[in-house]
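This report concerns only the one structure given below.
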Amino acid sequence: MSLNLTPPSFSSSSPVSPSTRRQFLATAATFGSVLILPHGLRGQGTRSPNERLRIAQVGVGGRGGAALSGLADEQFVALCDVDEKRSRAGIAGGKKAGPDTDRLKDAKWFKDFRVMFEQMADQIDAVAIATPDHMHFPIAMAAIAAKKHVYVEKPMCRCLTEVRRLHAAAKAAGVVTQMGNQGRTAEGIRLAREWVQAGLIGEVHTVHTWTDRPRTPWFYPADFDPDANPKETPVPATLDWDLWLGVASPRPYRPELVPSFWRGFTDYGTGSLGDMGCHQLDAPFYALDLGSPSSVEAATTKQYAKTFPASTSVTWKFPARGGRGPVEMKWFDGTMKPPLPVPGFKLSESGGSLFYGTKGIMSVTSHSGSCRLLPEERMQAMAGALPSKSIPRVVGGPFPEWAAAIRGGPKCGSNFDYAAGLTEVVLLGVAAQRTQARLEWDATLSRFPNRPDCDVFAGPGYDYRAGWGV
């Protein structure tokens with residue numbers, strides 16, 4: 001049941017229009033500190049009520065907890081989750097520091113984001129979305145239609161048509177956007193670009209990226225069929241299963257799908273590539289200005305109708321662009337791994353990327369945490385002669401970066417202008433996985449000219465249930 005609490009209004013006196021409020025926030029930011037500090041160095045409640053952004057969080061469990069922590073200095077006016085009891089328990093037992101109790105208890109709870117917007121649109125400045133992949137698009141589109149700033153976890157959407165529609169809608173609405181690939185604010189991705197531009201490893205021609213997923217606790221084995229010999233399992237009393245399904249086709253409740261295993265099922269997730277590609281491919285996409293590939297193909301273990309393969313290798317080919325030559329990028333997941341770049345190098349289990357250039361090799365860790373020249377002896381030898389840091393750094397992560405941008409600060413690193421291109425590369429790999437074909441890509445037409453029969457995987461690609469605005 002939703003709490004019958006009225007969210008705090010912008011002002012204790014007369015109402016203020018959204019445009020006036022936006023102007024006030026930008027002005028307040030101008031006279032405030034321009035340094036974004038990590039949460040541990042900020043005092044909660046340091047902003048006055050009028051300075052705080054009014055946030056609606058959709059999807060409170062899982063990555064939703066990261067938003068509660070990263071936006072702890074703001075005001076959460078609405079919390080929306082299809083399982084309120086589980087979400088409340090997660091907040092109570094969360095390991096990450098979040099908004100103070102008083103501020104969070106004032107938020108009104110909802111199970112249906114559509115009802116939330118109907119009742120509270122004029123009391124919300126921005127919306128953070130942390131739901132399963134299949135619901136990113138309808139929720140983000142509803143938020144943008146209501147002129148709300150949007151933060152959506154990776155990947156932006158499930159198919160390329162959704163990505164392009166969402167990007168265009170955000171641009172037309174003029175809202176501030178951010179995709180939650182947090183490594184885009186990290187040090188490693190900036191070093192990678194600076195070192196590539198300085199020519200430390202020569203002209204990059206090949207990139208290898210990898211992850212250890214799919215694995216527990218996020219994925220079921222690839223041969224699992226949720227509809228084969230199903231057990232009659234009652235829906236938990238606190239879960240609204242129909243709302244969880246959302247735009248997806250009706251299916252009896254399956255405990256194997258929630259709360260985490262949905263990632264490996266084609267009806268709801270995008271597999272390990274969709275799950276981790278926006279993290280591991282981020283450094284090469286940014287450092288090399290990759291743009292759109294000319295082709296993509298995949299080699300996988302056994303295919304199943306409803307799930308993604310247990311292991312995959314995907315190859316994208318990018319044409320010469322902006323003064324650099326062509327680049328081949330390969331992805332490995334599951335038991336498939338890239339070859340070792342130098343003797344003695346140990347591949348991180350969590351993943352990363354390797355850049356091969358005409359003058360050397362460079363490694364970037366998972367989520368772009370750090371960047372090193374290989375072999376280690378070269379890194380040590382270059383320690384005092386590395387290029388100067390020319391790219392602005394972000395301190396505090398993607399959530400305060402988004403909040404600062406809403407207040408008139410610099411654009412977010414993973415705003416939709418950037419994130420749409422990165423997500424398209426990832427989803428083209430997902431399309432290659434599902435079609436088991438070599439796909440030539442026409443980015444202008446958003447089609448596969450050599451395989452028109454596969455165009456459905458560019459989009460729309462899914463049957464949407466009526467009533468969700470898509």
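Following the order of the structure tokens, chains are lettered A, B, ..., residues in each are numbered from 1, and ligands are numbered from 1.
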- [ ] Give me the residues within 12 Å of Trp402 (chain A) as a ChimeraX atom specification, counting only C-alpha atoms and dropping any in the same chain fewer than 3 places off.
- [x] /A:36,53,55,67,70-71,74,126-128,149-152,175-180,182,185,394-399,405-416
Open item on the list: as an MDAnalysis selection string, please: every residue in region 223-283 of chain A that a backbone DSSP assignment puts in helix (DSSP H, G or I).
Closed with: chainID A and resid 241:245 261:264 271:280 282:283
Open item on the list: Could you check the closest approach to Lys85 (chain A) for each of A:Ala287, A:Ala66, A:Ala237, A:Ala443 and tell me which residue wins, using only C-alpha atoms?
Closed with: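 Closest to Lys85 (chain A), using only C-alpha atoms: A:Ala237.
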Open item on the list: Under the rule that only C-alpha atoms are counted, which of A:Ala121, A:Ala228, A:Ala143, A:Leu439 is the nearest residue to Val58 (chain A)?
Closed with: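 Answer, going by the shortest atom-to-atom distance: A:Ala143.
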- [ ] Figure out the distance between CA of Asp267 (chain A) and CA of Leu166 (chain A), please, to one decimal in Å.
- [x]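 CA of Asp267 (chain A) lies at a distance of 19.5 Å from CA of Leu166 (chain A).
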Open item on the list: One decimal, in Å: what's the spacing between CA of Thr365 (chain A) and CA of Gly274 (chain A)?
Closed with: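 Computing it gives 18.0 Å between the two atoms.
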Open item on the list: Can you measure CA of Arg372 (chain A) to CA of Asp417 (chain A) for me? One decimal in Å is fine.
Closed with: 28.3 Å
Might you pull out every residue within 10 Å of Arg86 (chain A), with only C-alpha atoms counted and same-chain residues fewer than 2 positions away left off, and present them as a compact mmCIF listing (two decimals) with C-alpha atoms, in the first residue's frame?
# COMPACT_ATOMS: atom_id res chain seq x y z
CA VAL A 60 14.39 0.58 -5.98
CA GLY A 61 16.16 -2.75 -5.49
CA ASP A 81 8.87 -0.66 -7.48
CA VAL A 82 6.70 -3.63 -8.39
CA ASP A 83 7.61 -5.24 -5.04
CA GLU A 84 7.45 -2.56 -2.39
CA ARG A 88 11.82 -1.51 1.62
CA ALA A 89 13.72 -4.44 3.11
CA GLY A 90 16.58 -3.78 0.70
CA ILE A 91 16.76 -0.14 1.76
CA ALA A 92 16.72 -1.09 5.43
CA THR A 238 3.95 -8.35 -2.37
CA LEU A 239 4.95 -8.66 -6.04
CA PRO A 259 14.89 -10.73 -9.02
Open item on the list: Which residue is closest to Glu440 (chain A)? Choose from A:Ser294, A:Ser313, A:Ser388, A:Ser370 and count only C-alpha atoms.
Closed with: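 Closest residue, counting only C-alpha atoms: A:Ser294.
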